[in-house]
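Participant: Structure: data23.pdb, PDB, C-alpha atoms.
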```pdb
ATOM      1  CA  MET A 356       7.093  12.912   3.630
ATOM      2  CA  ASN A 357       6.591  15.511   0.947
ATOM      3  CA  GLU A 358      10.357  15.398   0.318
ATOM      4  CA  ILE A 359      10.193  11.834  -1.026
ATOM      5  CA  LYS A 360      11.096  12.125  -4.698
ATOM      6  CA  ASN A 361      10.712   8.523  -5.874
ATOM      7  CA  LYS A 362       7.543   6.856  -7.041
ATOM      8  CA  THR A 363       6.147   5.152  -3.966
ATOM      9  CA  LEU A 364       3.781   2.215  -3.574
ATOM     10  CA  LEU A 365       1.770   2.068  -0.375
ATOM     11  CA  LEU A 366       0.069  -1.218   0.428
ATOM     12  CA  THR A 367      -2.663  -1.368   3.016
ATOM     13  CA  ALA A 368      -5.312  -3.826   4.095
ATOM     14  CA  SER A 369      -9.002  -3.130   4.508
ATOM     15  CA  HIS A 370      -9.098  -4.643   8.016
ATOM     16  CA  ASP A 371      -5.636  -3.771   9.363
ATOM     17  CA  ILE A 372      -6.012  -2.692  12.998
ATOM     18  CA  LEU A 373      -2.278  -2.080  13.598
ATOM     19  CA  VAL A 374      -1.808   0.364  10.708
ATOM     20  CA  PRO A 375      -5.309   1.554   9.815
ATOM     21  CA  LYS A 376      -6.202   2.180   6.205
ATOM     22  CA  ALA A 377      -7.047   5.793   7.055
ATOM     23  CA  ARG A 378      -3.453   6.388   8.228
ATOM     24  CA  MET A 379      -2.123   4.997   4.945
ATOM     25  CA  PHE A 380      -4.392   7.341   2.983
ATOM     26  CA  GLU A 381      -2.991  10.236   5.038
ATOM     27  CA  MET A 382       0.523   9.146   4.020
ATOM     28  CA  HIS A 383      -0.607   8.841   0.414
ATOM     29  CA  GLU A 384      -1.762  12.463   0.483
ATOM     30  CA  LEU A 385       1.622  13.583   1.817
ATOM     31  CA  ILE A 386       3.889  11.634  -0.550
ATOM     32  CA  PRO A 387       4.076  13.097  -4.050
ATOM     33  CA  ASP A 388       3.776  10.548  -6.861
ATOM     34  CA  SER A 389       2.509   7.825  -4.530
ATOM     35  CA  THR A 390       0.149   5.020  -5.392
ATOM     36  CA  ILE A 391      -1.989   3.274  -2.808
ATOM     37  CA  LYS A 392      -3.424  -0.217  -3.125
ATOM     38  CA  VAL A 393      -5.927  -1.636  -0.640
ATOM     39  CA  MET A 394      -5.972  -5.387  -0.131
ATOM     40  CA  GLU A 395      -9.656  -6.098   0.393
ATOM     41  CA  ASN A 396     -10.829  -8.561   3.037
ATOM     42  CA  ALA A 397      -7.359  -8.651   4.589
ATOM     43  CA  GLY A 398      -5.718  -7.633   7.828
ATOM     44  CA  HIS A 399      -2.205  -6.864   8.988
ATOM     45  CA  GLU A 400      -1.079 -10.332   7.887
ATOM     46  CA  SER A 401      -2.024  -9.639   4.265
ATOM     47  CA  PRO A 402       1.527 -10.286   2.993
ATOM     48  CA  LYS A 403       0.907 -13.917   3.938
ATOM     49  CA  SER A 404      -2.797 -14.253   3.211
ATOM     50  CA  LYS A 405      -2.756 -12.245  -0.027
ATOM     51  CA  ALA A 406       0.770 -13.030  -1.234
ATOM     52  CA  PRO A 407      -0.091 -13.671  -4.911
ATOM     53  CA  GLU A 408      -2.124 -10.445  -5.168
ATOM     54  CA  ILE A 409       0.520  -8.415  -3.340
ATOM     55  CA  ASN A 410       3.325  -9.845  -5.450
ATOM     56  CA  ARG A 411       1.431  -9.015  -8.651
ATOM     57  CA  THR A 412       0.734  -5.484  -7.394
ATOM     58  CA  ILE A 413       4.420  -4.914  -6.624
ATOM     59  CA  LEU A 414       5.566  -6.314  -9.960
ATOM     60  CA  ASP A 415       3.029  -4.196 -11.873
ATOM     61  CA  PHE A 416       4.183  -1.114  -9.979
ATOM     62  CA  LEU A 417       7.849  -1.805 -10.732
ATOM     63  CA  GLU A 418       7.146  -2.455 -14.413
ATOM     64  CA  ASN A 419       5.415   0.914 -14.887
TER
END
```
Would you put the structure from the file into structure tokens?
Facilitator:
Amino acid sequence: MNEIKNKTLLLTASHDILVPKARMFEMHELIPDSTIKVMENAGHESPKSKAPEINRTILDFLEN
């Protein structure tokens, strides 16, 4: 993962049991120039339940 050269956005959810937040923070530590965003009070289905927040996070990341 440390060979990834592009800016990377990692999205995780505070209550995701399939891909735990701790695992995503491990990935964040391994990927240079990565940003991590935690969707609070959300689980693995956060792309559906938090769509407006996720969309805004992605757009902000792409604009910067």
Participant: For this structure, which residues satisfy the selection - the PyMOL selection byres ((chain A and resi 398) around 9) - when it is evaluated on the file as given? I want them as a PyMOL selection string.
Facilitator: chain A and resi 367-373+394-397+399-401+404
Participant: Selected by the PyMOL selection byres ((chain A and resi 363) around 12) in the shown coordinates: which residues, as a list of chain:residue names?
Facilitator: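 Expected selection for the PyMOL selection byres ((chain A and resi 363) around 12) here is A:Met356, A:Asn357, A:Glu358, A:Ile359, A:Lys360, A:Asn361, A:Lys362, A:Leu364, A:Leu365, A:Leu366, A:Met382, A:His383, A:Glu384, A:Leu385, A:Ile386, A:Pro387, A:Asp388, A:Ser389, A:Thr390, A:Ile391, A:Lys392, A:Ile413, A:Phe416, A:Leu417, A:Asn419.
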Participant: One decimal, in Å: what's the spacing between CA of Phe380 (chain A) and CA of Asn410 (chain A)?
Facilitator: 20.6 Å
Participant: Measure the distance from CA of Glu381 (chain A) to CA of Pro407 (chain A) in Å and round it to one decimal.
Facilitator: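 We find that CA of Glu381 (chain A) and CA of Pro407 (chain A) lie 26.1 Å from each other.
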